[in-house]
file input_9.cif (mmCIF, C-alpha atoms)
data_final
#
loop_
_atom_site.label_atom_id
_atom_site.label_comp_id
_atom_site.auth_asym_id
_atom_site.auth_seq_id
_atom_site.Cartn_x
_atom_site.Cartn_y
_atom_site.Cartn_z
CA MET A 1 -155.52 -69.41 -108.12
CA ASN A 2 -158.54 -67.20 -108.75
CA GLN A 3 -157.30 -63.76 -109.77
CA LEU A 4 -156.35 -61.29 -112.47
CA ILE A 5 -152.99 -62.14 -114.04
CA SER A 6 -151.02 -60.99 -117.05
CA VAL A 7 -151.49 -62.63 -120.43
CA GLN A 8 -147.88 -63.80 -120.19
CA ALA A 9 -148.51 -65.48 -116.83
CA ALA A 10 -151.66 -67.15 -118.19
CA ALA A 11 -149.75 -68.41 -121.22
CA GLU A 12 -147.10 -69.90 -118.95
CA LEU A 13 -149.74 -71.66 -116.84
CA ILE A 14 -151.29 -73.07 -120.01
CA ARG A 15 -147.90 -74.32 -121.21
CA GLN A 16 -147.51 -76.07 -117.84
CA GLY A 17 -150.81 -77.89 -118.46
CA THR A 18 -152.81 -76.15 -115.72
CA PRO A 19 -156.58 -76.56 -116.30
CA LEU A 20 -158.01 -73.04 -116.35
CA SER A 21 -161.25 -71.16 -116.70
CA LEU A 22 -160.33 -67.75 -118.16
CA ALA A 23 -162.12 -64.46 -118.70
CA GLY A 24 -160.84 -61.29 -120.29
CA PRO A 25 -160.85 -58.95 -123.25
CA GLU A 26 -160.83 -60.57 -126.69
CA SER A 27 -157.45 -59.02 -127.45
CA ALA A 28 -155.97 -60.77 -124.41
CA LEU A 29 -157.59 -64.17 -124.93
CA ASP A 30 -156.51 -64.12 -128.59
CA GLN A 31 -152.87 -64.22 -127.46
CA LEU A 32 -153.12 -67.46 -125.48
CA PRO A 33 -151.73 -70.78 -126.72
CA ALA A 34 -153.72 -73.99 -127.07
CA GLY A 35 -154.03 -76.04 -123.91
CA ASN A 36 -156.30 -77.09 -121.07
CA TRP A 37 -158.57 -74.09 -120.82
CA ILE A 38 -161.89 -72.52 -121.66
CA GLY A 39 -162.53 -68.80 -121.83
CA GLY A 40 -165.02 -66.07 -122.50
CA THR A 41 -164.85 -62.38 -123.31
CA ILE A 42 -165.61 -59.86 -120.58
CA PRO A 43 -163.60 -56.88 -119.28
CA TYR A 44 -165.38 -56.48 -115.92
CA PHE A 45 -164.33 -58.21 -112.70
CA MET A 46 -164.95 -58.21 -108.99
CA VAL A 47 -161.68 -58.54 -107.09
CA PRO A 48 -161.02 -58.17 -103.35
CA SER A 49 -160.51 -54.39 -103.67
CA GLY A 50 -163.75 -53.91 -105.64
CA GLY A 51 -165.09 -53.87 -109.17
CA VAL A 52 -162.55 -53.24 -111.94
CA VAL A 53 -162.54 -52.79 -115.71
CA VAL A 54 -159.62 -54.36 -117.58
CA GLN A 55 -158.53 -52.95 -120.93
CA ASP A 56 -155.78 -55.17 -122.35
CA GLY A 57 -153.02 -57.45 -121.22
CA GLN A 58 -154.81 -59.11 -118.31
CA VAL A 59 -157.12 -62.08 -117.87
CA PHE A 60 -158.95 -63.50 -114.87
CA ALA A 61 -157.71 -67.04 -114.24
CA THR A 62 -159.33 -69.74 -112.13
CA ASP A 63 -157.26 -72.88 -111.65
CA LEU A 64 -159.77 -75.73 -111.56
CA SER A 65 -157.30 -78.46 -110.58
CA PRO A 66 -157.67 -78.07 -106.78
CA ALA A 67 -161.35 -79.03 -107.13
CA GLY A 68 -160.85 -82.24 -109.08
CA GLU A 69 -159.95 -83.90 -112.35
CA VAL A 70 -160.71 -81.59 -115.29
CA SER A 71 -161.68 -82.41 -118.89
CA PHE A 72 -163.00 -80.20 -121.68
CA ALA A 73 -165.77 -80.15 -124.28
CA SER A 74 -167.72 -77.75 -126.46
CA TYR A 75 -171.22 -77.98 -127.89
CA GLY A 76 -173.16 -76.23 -130.62
CA PRO A 77 -176.62 -74.80 -130.06
CA GLU A 78 -178.36 -78.04 -131.09
CA ALA A 79 -176.38 -80.19 -128.63
CA LEU A 80 -176.60 -78.22 -125.38
CA GLY A 81 -178.36 -81.11 -123.63
CA ASP A 82 -175.04 -82.94 -123.81
CA ILE A 83 -173.53 -80.50 -121.29
CA SER A 84 -175.17 -82.30 -118.39
CA ARG A 85 -175.63 -85.65 -120.14
CA ASN A 86 -171.87 -86.03 -120.65
CA GLY A 87 -170.87 -84.65 -117.26
CA PRO A 88 -169.06 -86.69 -114.62
CA ASP A 89 -171.33 -88.71 -112.32
CA ASN A 90 -169.92 -86.72 -109.40
CA GLY A 91 -168.81 -83.21 -110.21
CA PHE A 92 -169.93 -80.12 -112.07
CA ALA A 93 -169.72 -78.50 -115.48
CA VAL A 94 -168.25 -74.99 -115.81
CA THR A 95 -169.97 -73.55 -118.88
CA ILE A 96 -169.46 -70.29 -120.79
CA ILE A 97 -171.87 -69.18 -123.55
CA PRO A 98 -171.71 -65.98 -125.64
CA ALA A 99 -174.46 -63.41 -125.04
CA GLY A 100 -177.00 -62.92 -127.79
CA SER A 101 -176.23 -66.22 -129.50
CA SER A 102 -178.74 -68.93 -130.29
CA SER A 103 -176.86 -71.08 -127.76
CA HIS A 104 -177.67 -68.44 -125.14
CA GLN A 105 -181.36 -68.42 -126.09
CA LYS A 106 -181.68 -72.21 -126.25
CA PHE A 107 -179.85 -72.79 -122.98
CA ALA A 108 -182.01 -70.19 -121.24
CA ALA A 109 -185.23 -71.77 -122.45
CA ASP A 110 -184.36 -75.44 -122.01
CA ALA A 111 -181.62 -75.96 -119.40
CA ALA A 112 -183.91 -77.05 -116.57
CA ASN A 113 -185.28 -79.81 -118.79
CA PHE A 114 -181.93 -81.24 -119.86
CA GLU A 115 -181.25 -84.84 -118.90
CA ASP A 116 -179.45 -85.05 -115.54
CA ALA A 117 -179.59 -81.26 -115.14
CA PHE A 118 -180.08 -81.58 -111.39
CA LEU A 119 -177.81 -84.59 -110.88
CA LYS A 120 -174.80 -83.11 -112.70
CA PRO A 121 -174.91 -79.37 -111.96
CA THR A 122 -173.94 -76.75 -114.50
CA VAL A 123 -172.46 -73.48 -113.28
CA GLY A 124 -170.97 -70.67 -115.33
CA TRP A 125 -171.64 -67.43 -117.09
CA ILE A 126 -172.58 -65.58 -120.25
CA ALA A 127 -169.71 -63.88 -122.07
CA GLY A 128 -170.09 -60.22 -122.99
CA VAL A 129 -168.23 -57.17 -124.22
CA HIS A 130 -167.30 -53.73 -122.95
CA LEU A 131 -170.55 -51.78 -122.73
CA SER A 132 -169.17 -49.24 -125.22
CA GLN A 133 -169.00 -52.07 -127.80
CA LEU A 134 -172.60 -53.26 -127.41
CA GLY A 135 -174.05 -53.92 -130.84
CA THR A 136 -170.73 -53.54 -132.65
CA VAL A 137 -168.66 -56.43 -131.27
CA ASN A 138 -170.00 -59.92 -130.60
CA PRO A 139 -169.06 -61.77 -127.40
CA LYS A 140 -166.81 -64.82 -127.88
CA VAL A 141 -166.06 -68.05 -126.06
CA TYR A 142 -162.85 -70.04 -126.45
CA ASP A 143 -162.21 -73.76 -126.66
CA GLY A 144 -158.65 -73.69 -125.39
CA ARG A 145 -157.84 -77.17 -126.69
CA THR A 146 -157.40 -75.58 -130.12
CA ALA A 147 -157.36 -71.92 -128.98
CA THR A 148 -160.39 -71.37 -131.22
CA LYS A 149 -163.01 -68.72 -130.54
CA TYR A 150 -166.73 -69.01 -131.26
CA GLU A 151 -169.72 -66.67 -131.33
CA ASP A 152 -172.36 -69.38 -130.96
CA ARG A 153 -171.19 -72.33 -128.91
CA ALA A 154 -170.97 -73.47 -125.28
CA VAL A 155 -167.50 -74.29 -123.95
CA VAL A 156 -167.34 -76.58 -120.95
CA ALA A 157 -164.80 -77.63 -118.32
CA TYR A 158 -165.97 -80.76 -116.53
CA VAL A 159 -164.68 -81.08 -112.97
CA LYS A 160 -164.82 -84.65 -111.67
CA LEU A 161 -164.79 -84.72 -107.88
CA PRO A 162 -163.40 -87.42 -105.58
CA ALA A 163 -166.03 -89.85 -104.27
CA ASP A 164 -166.05 -88.22 -100.82
CA LYS A 165 -166.85 -84.73 -102.20
CA LEU A 166 -170.05 -83.11 -103.50
CA ALA A 167 -170.61 -79.83 -105.33
CA SER A 168 -173.40 -77.40 -104.56
CA ILE A 169 -174.34 -74.23 -106.38
CA GLU A 170 -175.17 -71.20 -104.26
CA ILE A 171 -176.63 -67.83 -105.20
CA VAL A 172 -176.95 -64.39 -103.68
CA ASN A 173 -179.88 -62.50 -105.16
CA LEU A 174 -180.36 -59.07 -103.61
CA PHE A 175 -183.80 -58.73 -105.14
CA GLU A 176 -186.97 -59.65 -103.28
CA PRO A 177 -190.36 -59.76 -104.99
CA GLY A 178 -192.36 -56.60 -104.42
CA THR A 179 -195.88 -56.58 -103.05
CA GLY A 180 -197.44 -55.22 -106.24
CA ASP A 181 -199.32 -56.92 -109.05
CA LEU A 182 -199.00 -60.63 -109.84
CA LEU A 183 -197.56 -61.03 -113.35
CA GLN A 184 -197.83 -64.25 -115.34
CA PHE A 185 -196.78 -65.21 -118.85
CA GLU A 186 -198.29 -67.78 -121.17
CA GLN A 187 -195.15 -68.65 -123.16
CA THR A 188 -191.45 -69.11 -122.56
CA ALA A 189 -190.06 -65.94 -124.11
CA PHE A 190 -187.25 -63.37 -124.12
CA GLU A 191 -189.53 -60.96 -126.03
CA VAL A 192 -192.90 -60.31 -124.44
CA ASP A 193 -195.87 -58.34 -125.67
CA GLN A 194 -198.75 -59.76 -123.65
CA CYS A 195 -198.86 -60.75 -120.00
CA LEU A 196 -201.49 -61.39 -117.36
CA VAL A 197 -201.68 -58.78 -114.60
CA ASN A 198 -203.65 -60.21 -111.70
CA GLY A 199 -205.20 -62.50 -114.31
CA GLN A 200 -206.11 -59.75 -116.79
CA PRO A 201 -204.50 -59.70 -120.28
CA THR A 202 -202.34 -56.57 -120.57
CA ASN A 203 -199.70 -55.20 -122.92
CA PHE A 204 -196.47 -55.61 -120.97
CA ALA A 205 -194.64 -52.59 -122.43
CA THR A 206 -197.58 -50.34 -121.59
CA TYR A 207 -197.71 -51.77 -118.07
CA VAL A 208 -193.97 -51.20 -117.53
CA ARG A 209 -194.04 -47.63 -118.87
CA GLU A 210 -197.11 -46.65 -116.85
CA ARG A 211 -195.16 -47.57 -113.71
CA GLY A 212 -191.90 -45.87 -114.68
CA LEU A 213 -189.96 -49.15 -114.71
CA GLU A 214 -188.59 -48.84 -118.25
CA ASN A 215 -185.05 -47.99 -117.04
CA GLY A 216 -184.62 -51.71 -116.32
CA GLN A 217 -183.16 -51.23 -112.87
CA LEU A 218 -185.66 -53.57 -111.22
CA PRO A 219 -185.98 -57.14 -112.53
CA LEU A 220 -188.98 -59.38 -112.57
CA VAL A 221 -188.59 -61.89 -109.74
CA GLY A 222 -190.04 -65.34 -110.37
CA ASP A 223 -191.03 -67.69 -107.58
CA PHE A 224 -189.45 -71.07 -108.31
CA ALA A 225 -190.66 -73.08 -105.29
CA GLY A 226 -189.17 -70.45 -103.00
CA ALA A 227 -186.08 -69.62 -105.07
CA HIS A 228 -186.05 -66.08 -106.43
CA VAL A 229 -185.10 -66.16 -110.11
CA ASN A 230 -184.76 -62.82 -111.89
CA ALA A 231 -185.57 -61.88 -115.47
CA SER A 232 -184.06 -58.45 -116.14
CA LEU A 233 -185.36 -55.90 -118.62
CA GLN A 234 -183.10 -55.20 -121.61
CA SER A 235 -185.35 -52.79 -123.50
CA VAL A 236 -188.93 -51.59 -123.34
CA GLY A 237 -190.78 -50.69 -126.53
CA GLU A 238 -193.30 -47.93 -126.85
CA ALA A 239 -196.71 -48.47 -125.27
CA GLY A 240 -198.36 -51.35 -127.10
CA GLY A 241 -194.96 -52.76 -128.12
CA LYS A 242 -192.65 -55.44 -126.79
CA VAL A 243 -190.36 -55.82 -123.81
CA VAL A 244 -187.03 -57.60 -124.37
CA LEU A 245 -185.59 -59.49 -121.41
CA TYR A 246 -182.07 -60.76 -120.57
CA ALA A 247 -183.57 -64.10 -119.49
CA PRO A 248 -186.85 -65.68 -120.49
CA VAL A 249 -190.03 -65.71 -118.48
CA PHE A 250 -191.79 -69.06 -118.12
CA PRO A 251 -195.43 -70.10 -117.99
CA GLY A 252 -196.56 -71.53 -114.68
CA VAL A 253 -194.34 -69.16 -112.68
CA ASP A 254 -195.60 -66.23 -110.59
CA TYR A 255 -193.64 -63.00 -111.10
CA HIS A 256 -193.52 -59.65 -109.33
CA PHE A 257 -191.37 -56.64 -109.98
CA ALA A 258 -188.59 -56.45 -107.40
CA LYS A 259 -188.40 -54.15 -104.43
CA PRO A 260 -185.69 -51.49 -104.91
CA VAL A 261 -182.23 -52.15 -103.47
CA GLY A 262 -180.47 -49.15 -101.94
CA ASP A 263 -176.74 -49.70 -101.50
CA TYR A 264 -175.83 -52.78 -103.56
CA ALA A 265 -172.28 -53.07 -102.22
CA ALA A 266 -173.41 -52.88 -98.60
CA ALA A 267 -176.21 -55.36 -99.29
CA PHE A 268 -173.76 -57.84 -100.84
CA ARG A 269 -171.31 -57.37 -97.96
CA ALA A 270 -174.09 -58.04 -95.45
CA ARG A 271 -175.23 -61.19 -97.26
CA LEU A 272 -171.70 -62.51 -97.77
CA ALA A 273 -170.31 -61.63 -94.33
CA ASP A 274 -171.59 -64.77 -92.65
CA GLN A 275 -170.85 -67.11 -95.55
CA SER A 276 -167.74 -69.25 -95.32
CA THR A 277 -165.38 -69.20 -98.29
CA ASP A 278 -164.33 -72.81 -97.59
CA GLY A 279 -164.55 -74.96 -100.68
CA LEU A 280 -165.54 -72.17 -103.08
CA ALA A 281 -164.26 -73.03 -106.56
CA LEU A 282 -165.74 -70.39 -108.86
CA SER A 283 -167.90 -67.28 -108.73
CA CYS A 284 -169.47 -64.67 -110.99
CA ASN A 285 -171.79 -61.69 -110.64
CA CYS A 286 -173.94 -59.66 -113.01
CA ILE A 287 -173.04 -56.63 -115.11
CA LEU A 288 -176.37 -55.03 -114.17
CA ASN A 289 -175.43 -55.20 -110.49
CA PHE A 290 -172.05 -53.69 -111.43
CA VAL A 291 -173.72 -50.83 -113.34
CA PHE A 292 -176.82 -50.08 -111.26
CA GLY A 293 -174.95 -50.75 -108.00
CA GLU A 294 -172.00 -48.61 -109.14
CA LEU A 295 -169.67 -51.36 -107.93
CA GLU A 296 -166.52 -50.12 -109.67
CA GLY A 297 -164.00 -49.67 -106.87
CA LYS A 298 -166.40 -51.00 -104.23
CA ALA A 299 -165.57 -54.25 -102.42
CA ILE A 300 -168.46 -56.62 -101.78
CA GLY A 301 -166.74 -59.59 -100.14
CA GLY A 302 -167.12 -63.20 -101.17
CA MET A 303 -165.11 -64.76 -103.95
CA ALA A 304 -163.55 -62.85 -106.85
CA GLY A 305 -164.72 -63.52 -110.39
CA PRO A 306 -165.97 -62.11 -113.68
CA ILE A 307 -168.86 -59.65 -113.94
CA THR A 308 -171.01 -61.19 -116.64
CA PHE A 309 -173.91 -60.80 -119.07
CA GLY A 310 -175.82 -63.61 -117.37
CA GLU A 311 -175.12 -66.22 -114.73
CA ILE A 312 -175.63 -69.97 -114.88
CA ALA A 313 -176.75 -71.96 -111.84
CA TYR A 314 -178.43 -75.06 -113.32
CA GLN A 315 -180.26 -72.58 -115.58
CA LEU A 316 -179.81 -68.98 -116.72
CA LEU A 317 -180.11 -66.30 -114.03
CA ASN A 318 -179.92 -62.50 -114.11
CA GLN A 319 -178.66 -59.93 -111.61
CA THR A 320 -177.47 -62.69 -109.30
CA MET A 321 -174.14 -63.71 -107.76
CA VAL A 322 -173.39 -67.40 -108.36
CA SER A 323 -170.79 -69.59 -106.65
CA VAL A 324 -169.98 -73.28 -106.65
CA ARG A 325 -168.77 -74.88 -103.45
CA VAL A 326 -167.15 -78.29 -102.99
CA HIS A 327 -168.15 -80.02 -99.74
CA MET B 328 -182.23 -90.95 -92.18
CA ALA B 329 -182.17 -93.39 -95.09
CA ILE B 330 -183.68 -92.55 -98.46
CA PRO B 331 -187.02 -94.38 -98.85
CA ALA B 332 -187.06 -97.09 -101.51
CA LEU B 333 -188.38 -96.12 -104.94
CA ASN B 334 -191.62 -98.07 -104.30
CA HIS B 335 -192.39 -95.97 -101.20
CA PRO B 336 -195.60 -93.94 -101.78
CA CYS B 337 -193.87 -90.70 -100.79
CA TRP B 338 -192.23 -90.41 -104.23
CA GLN B 339 -195.56 -90.33 -106.05
CA LYS B 340 -196.82 -87.67 -103.62
CA LEU B 341 -193.68 -85.60 -104.09
CA ALA B 342 -193.86 -85.95 -107.86
CA ALA B 343 -197.50 -84.86 -107.85
CA GLY B 344 -196.55 -81.49 -106.36
CA GLY B 345 -195.51 -82.31 -102.81
CA LEU B 346 -191.89 -81.37 -103.43
CA SER B 347 -192.88 -77.70 -103.61
CA LYS B 348 -194.04 -77.95 -99.98
CA ILE B 349 -190.65 -79.05 -98.66
CA ARG B 350 -188.86 -76.35 -96.66
CA THR B 351 -185.47 -75.83 -98.27
CA GLN B 352 -182.92 -73.18 -99.13
CA HIS B 353 -181.10 -75.52 -101.55
CA LEU B 354 -181.29 -73.97 -105.02
CA GLY B 355 -181.20 -77.29 -106.87
CA THR B 356 -184.11 -78.65 -104.85
CA GLN B 357 -186.14 -75.48 -105.43
CA LEU B 358 -185.53 -75.36 -109.19
CA LEU B 359 -186.20 -79.08 -109.54
CA ALA B 360 -189.45 -78.70 -107.59
CA LYS B 361 -190.60 -76.05 -110.05
CA ARG B 362 -189.55 -78.14 -113.04
CA ILE B 363 -191.42 -81.17 -111.68
CA GLU B 364 -194.48 -79.01 -111.00
CA ARG B 365 -194.49 -77.81 -114.63
CA SER B 366 -193.52 -81.18 -116.12
CA THR B 367 -195.76 -83.23 -118.38
CA ASP B 368 -193.65 -86.36 -117.85
CA PRO B 369 -195.56 -89.41 -116.55
CA LEU B 370 -195.79 -89.53 -112.76
CA PRO B 371 -193.56 -92.64 -112.40
CA ALA B 372 -190.80 -90.94 -114.40
CA ARG B 373 -191.00 -87.85 -112.18
CA ALA B 374 -190.96 -90.05 -109.07
CA ALA B 375 -187.86 -91.89 -110.31
CA GLU B 376 -186.13 -88.58 -111.03
CA LEU B 377 -186.81 -87.36 -107.49
CA HIS B 378 -185.58 -90.63 -106.00
CA ALA B 379 -182.34 -90.32 -107.98
CA PHE B 380 -181.95 -86.67 -106.95
CA PHE B 381 -182.27 -87.26 -103.21
CA THR B 382 -180.14 -90.39 -103.38
CA LYS B 383 -177.38 -88.32 -104.99
CA TRP B 384 -177.59 -85.29 -102.65
CA GLU B 385 -178.61 -87.02 -99.42
CA ARG B 386 -175.39 -86.06 -97.63
CA ILE B 387 -175.87 -82.30 -98.04
CA LEU B 388 -179.68 -82.30 -97.71
CA PRO B 389 -180.36 -83.99 -94.36
CA THR B 390 -183.22 -81.68 -93.34
CA GLU B 391 -184.89 -82.06 -96.74
CA VAL B 392 -184.55 -85.86 -96.64
CA ALA B 393 -186.14 -85.89 -93.19
CA GLN B 394 -189.24 -84.23 -94.67
CA LEU B 395 -189.74 -86.66 -97.57
CA THR B 396 -192.12 -89.00 -95.77
CA THR B 397 -193.90 -86.36 -93.70
CA LEU B 398 -195.98 -84.72 -96.43
#
call {"tool": "encode", "arguments": {"input": "input_9.cif", "output": "structure tokens"}}
result
Amino acid sequence: MNQLISVQAAAELIRQGTPLSLAGPESALDQLPAGNWIGGTIPYFMVPSGGVVVQDGQVFATDLSPAGEVSFASYGPEALGDISRNGPDNGFAVTIIPAGSSSHQKFAADAANFEDAFLKPTVGWIAGVHLSQLGTVNPKVYDGRTATKYEDRAVVAYVKLPADKLASIEIVNLFEPGTGDLLQFEQTAFEVDQCLVNGQPTNFATYVRERGLENGQLPLVGDFAGAHVNASLQSVGEAGGKVVLYAPVFPGVDYHFAKPVGDYAAAFRARLADQSTDGLALSCNCILNFVFGELEGKAIGGMAGPITFGEIAYQLLNQTMVSVRVH
Amino acid sequence: MAIPALNHPCWQKLAAGGLSKIRTQHLGTQLLAKRIERSTDPLPARAAELHAFFTKWERILPTEVAQLTTL
């Protein structure tokens, strides 16, 4: 099962002991009983017919039991390294973290350096809210074992795989680095004032505004040994001010602003058309792709899942579709 | 192809930056290569981490494993 269902149906699955990863509005998740589940707030989803916005009464449920043996944990912001450290020797950790929390910031900055981060993969997403509630309602995550919600904690479902199976995390990032200036940053940061442009110190907000990029539609694309890792712009201060990002930039990484993407839905369909869905266990995509790509009502192919405020594939990503596949 | 033993010189080369030269589309390998490149851990610790990584993922990374001793 990997689909939108009613709150009543989700409650029944929980009462039957089904291990679930859930996503939905806070009002819906608040109604669920304690059991074998984790959850996070978000009202946006990609389903086979296209992007949808859910108001109340529905949640997106992913049954994790077909993939393997499932157990649950949750960690505060000071213990996020335990996500991978405590993971099964063969399996993966499904992790949900609330947007804007210190857990979100710490995970984003440190995840690649956690013990066993690349031996015990972490996949998941950042919980959010309806865009009309930004700044007035905080995203929540749920530890289903006690049906308790948190604003600053990581909730985790560990999936232990049989010995003859392996998990791999896959991404679809529509954004390619542009051919413009080389941008580098001297500190790991979500908030940036200074950067190096082709080696020259420059105020980043001024640079962004001078190029008309302050609408945030195009992310920075970092080159991580060939992997394209985005850092999307949340807000751009006045010239001389700061730029706030949805994911941190890192020193020692070369960045370029992305080339524009025309038709997001068509681009996703093209990228996903030749990808098998065999073994896919979980998927998510980014709210910025949903908004800038106008994906409401547009099918993109691939696996259904929540549309999120950040994606986790070993580390925090932005504007990227993430899936985990069991081989 | 079998994974070279931990005392094979390829691991030190890979840990010293060679991993970034491996041709791969595997996200975990790419992100680990960048982490190793930026790491201040001692070289033997980085080499051991890479040995553990490829030992774990050997089955789904055959083309990457074939490149380990060619750098």
call {"tool": "closest_atom_pairs", "arguments": {"input": "input_9.cif", "of": "chain B", "to": "chain A", "cutoff": "10 Å", "atoms": "all atoms listed in the file", "output": "CSV"}}
result
residue,atom,partner,partner_atom,distance
B:Leu346,CA,A:Ala225,CA,8.6
B:Ser347,CA,A:Ala225,CA,5.4
B:Lys348,CA,A:Ala225,CA,8.0
B:Ile349,CA,A:Ala225,CA,8.9
B:Arg350,CA,A:Gly226,CA,8.7
B:Thr351,CA,A:Gly226,CA,8.1
B:Gln352,CA,A:Ala227,CA,7.6
B:His353,CA,A:Glu170,CA,7.8
B:Leu354,CA,A:Ala227,CA,6.5
B:Gly355,CA,A:Phe118,CA,6.3
B:Thr356,CA,A:Phe118,CA,8.2
B:Gln357,CA,A:Ala225,CA,5.1
B:Leu358,CA,A:Phe224,CA,5.9
B:Leu359,CA,A:Phe118,CA,6.9
B:Ala360,CA,A:Ala225,CA,6.2
B:Lys361,CA,A:Phe224,CA,5.4
B:Arg362,CA,A:Ala112,CA,6.7
B:Ile363,CA,A:Asn113,CA,9.5
B:Glu364,CA,A:Gly252,CA,8.6
B:Arg365,CA,A:Gly252,CA,6.6
B:Ser366,CA,A:Asn113,CA,8.8
B:Glu376,CA,A:Asp116,CA,8.8
B:Leu377,CA,A:Phe118,CA,9.7
B:Ala379,CA,A:Leu119,CA,7.9
B:Phe380,CA,A:Leu119,CA,6.1
B:Phe381,CA,A:Leu119,CA,9.3
B:Thr382,CA,A:Leu119,CA,9.8
B:Lys383,CA,A:Leu119,CA,7.0
B:Trp384,CA,A:Leu166,CA,7.9
B:Arg386,CA,A:Leu166,CA,8.5
B:Ile387,CA,A:Leu166,CA,8.0
call {"tool": "resolve_selection", "arguments": {"input": "input_9.cif", "expression": "the PyMOL selection byres ((chain A and resi 55) around 9)", "output": "number ranges by chain"}}
result
A: 24-25, 27-28, 43, 53-54, 56-58
call {"tool": "residues_around", "arguments": {"input": "input_9.cif", "residues": "region 337-341 of chain B", "least_positions_apart": "4", "cutoff": "6 Å", "atoms": "only C-alpha atoms", "output": "list in words"}}
result
Gly345, Leu346, Ala374 and Thr396 of chain B
call {"tool": "write_last_selection", "arguments": {"input": "input_9.cif", "atoms": "C-alpha atoms", "output": "compact mmCIF listing (two decimals), in the coordinates of the input"}}
result
# COMPACT_ATOMS: atom_id res chain seq x y z
CA GLY B 345 -195.51 -82.31 -102.81
CA LEU B 346 -191.89 -81.37 -103.43
CA ALA B 374 -190.96 -90.05 -109.07
CA THR B 396 -192.12 -89.00 -95.77
call {"tool": "atom_distance", "arguments": {"input": "input_9.cif", "atom1": "CA of Arg325 (chain A)", "atom2": "CA of Leu282 (chain A)"}}
result
7.7 Å
call {"tool": "atom_distance", "arguments": {"input": "input_9.cif", "atom1": "CA of Pro48 (chain A)", "atom2": "CA of Met1 (chain A)"}}
result
13.4 Å
call {"tool": "resolve_selection", "arguments": {"input": "input_9.cif", "expression": "the PyMOL selection byres ((chain A and resi 38-40) around 7)", "output": "PyMOL selection string"}}
result
chain A and resi 20-24+37+41-42+96+127+140-144+155-157
call {"tool": "atom_distance", "arguments": {"input": "input_9.cif", "atom1": "CA of Phe114 (chain A)", "atom2": "CA of Cys286 (chain A)"}}
result
24.0 Å
call {"tool": "closest_residue", "arguments": {"input": "input_9.cif", "among": "A:Arg271, A:Lys160, A:Arg153, A:Lys242", "to": "Val192 (chain A)", "atoms": "only C-alpha atoms"}}
result
A:Lys242
call {"tool": "resolve_selection", "arguments": {"input": "input_9.cif", "expression": "the PyMOL selection byres ((chain A and resi 123) around 8)", "output": "list in words"}}
result
Phe92, Ala93, Val94, Thr95, Pro121, Thr122, Gly124, Trp125, Ile169, Glu311, Ile312, Ala313, Tyr314, Val322, Ser323 and Val324 of chain A
call {"tool": "residues_near_point", "arguments": {"input": "input_9.cif", "point": "(-170.8, -62.4, -123.9)", "cutoff": "6 Å", "atoms": "all atoms listed in the file", "output": "list in words"}}
result
Thr41, Pro98, Ala99, Ile126, Ala127, Gly128, Val129, Pro139 and Phe309 of chain A
call {"tool": "residues_near_point", "arguments": {"input": "input_9.cif", "point": "(-166.6, -60.8, -112.7)", "cutoff": "9 Å", "atoms": "all atoms listed in the file", "output": "ChimeraX atom specification"}}
result
/A:23,42-47,51-52,60,283-287,304-308
call {"tool": "write_last_selection", "arguments": {"input": "input_9.cif", "atoms": "C-alpha atoms", "output": "compact mmCIF listing (two decimals), keeping the file's coordinate frame"}}
result
# COMPACT_ATOMS: atom_id res chain seq x y z
CA ALA A 23 -162.12 -64.46 -118.70
CA ILE A 42 -165.61 -59.86 -120.58
CA PRO A 43 -163.60 -56.88 -119.28
CA TYR A 44 -165.38 -56.48 -115.92
CA PHE A 45 -164.33 -58.21 -112.70
CA MET A 46 -164.95 -58.21 -108.99
CA VAL A 47 -161.68 -58.54 -107.09
CA GLY A 51 -165.09 -53.87 -109.17
CA VAL A 52 -162.55 -53.24 -111.94
CA PHE A 60 -158.95 -63.50 -114.87
CA SER A 283 -167.90 -67.28 -108.73
CA CYS A 284 -169.47 -64.67 -110.99
CA ASN A 285 -171.79 -61.69 -110.64
CA CYS A 286 -173.94 -59.66 -113.01
CA ILE A 287 -173.04 -56.63 -115.11
CA ALA A 304 -163.55 -62.85 -106.85
CA GLY A 305 -164.72 -63.52 -110.39
CA PRO A 306 -165.97 -62.11 -113.68
CA ILE A 307 -168.86 -59.65 -113.94
CA THR A 308 -171.01 -61.19 -116.64
call {"tool": "residues_around", "arguments": {"input": "input_9.cif", "residues": "region 203-207 of chain A", "least_positions_apart": "4", "cutoff": "8 Å", "atoms": "all atoms listed in the file", "output": "list in words"}}
result
Val192, Asp193, Gln194, Cys195, Arg211, Val236, Gly237, Glu238, Ala239, Gly240, Gly241, Lys242 and Val243 of chain A
call {"tool": "write_last_selection", "arguments": {"input": "input_9.cif", "atoms": "C-alpha atoms", "output": "PDB file, in the frame of the given file"}}
result
ATOM      1  CA  VAL A 192    -192.900 -60.310-124.440  1.00  0.00           C
ATOM      2  CA  ASP A 193    -195.870 -58.340-125.670  1.00  0.00           C
ATOM      3  CA  GLN A 194    -198.750 -59.760-123.650  1.00  0.00           C
ATOM      4  CA  CYS A 195    -198.860 -60.750-120.000  1.00  0.00           C
ATOM      5  CA  ARG A 211    -195.160 -47.570-113.710  1.00  0.00           C
ATOM      6  CA  VAL A 236    -188.930 -51.590-123.340  1.00  0.00           C
ATOM      7  CA  GLY A 237    -190.780 -50.690-126.530  1.00  0.00           C
ATOM      8  CA  GLU A 238    -193.300 -47.930-126.850  1.00  0.00           C
ATOM      9  CA  ALA A 239    -196.710 -48.470-125.270  1.00  0.00           C
ATOM     10  CA  GLY A 240    -198.360 -51.350-127.100  1.00  0.00           C
ATOM     11  CA  GLY A 241    -194.960 -52.760-128.120  1.00  0.00           C
ATOM     12  CA  LYS A 242    -192.650 -55.440-126.790  1.00  0.00           C
ATOM     13  CA  VAL A 243    -190.360 -55.820-123.810  1.00  0.00           C
TER      14      VAL A 243
END
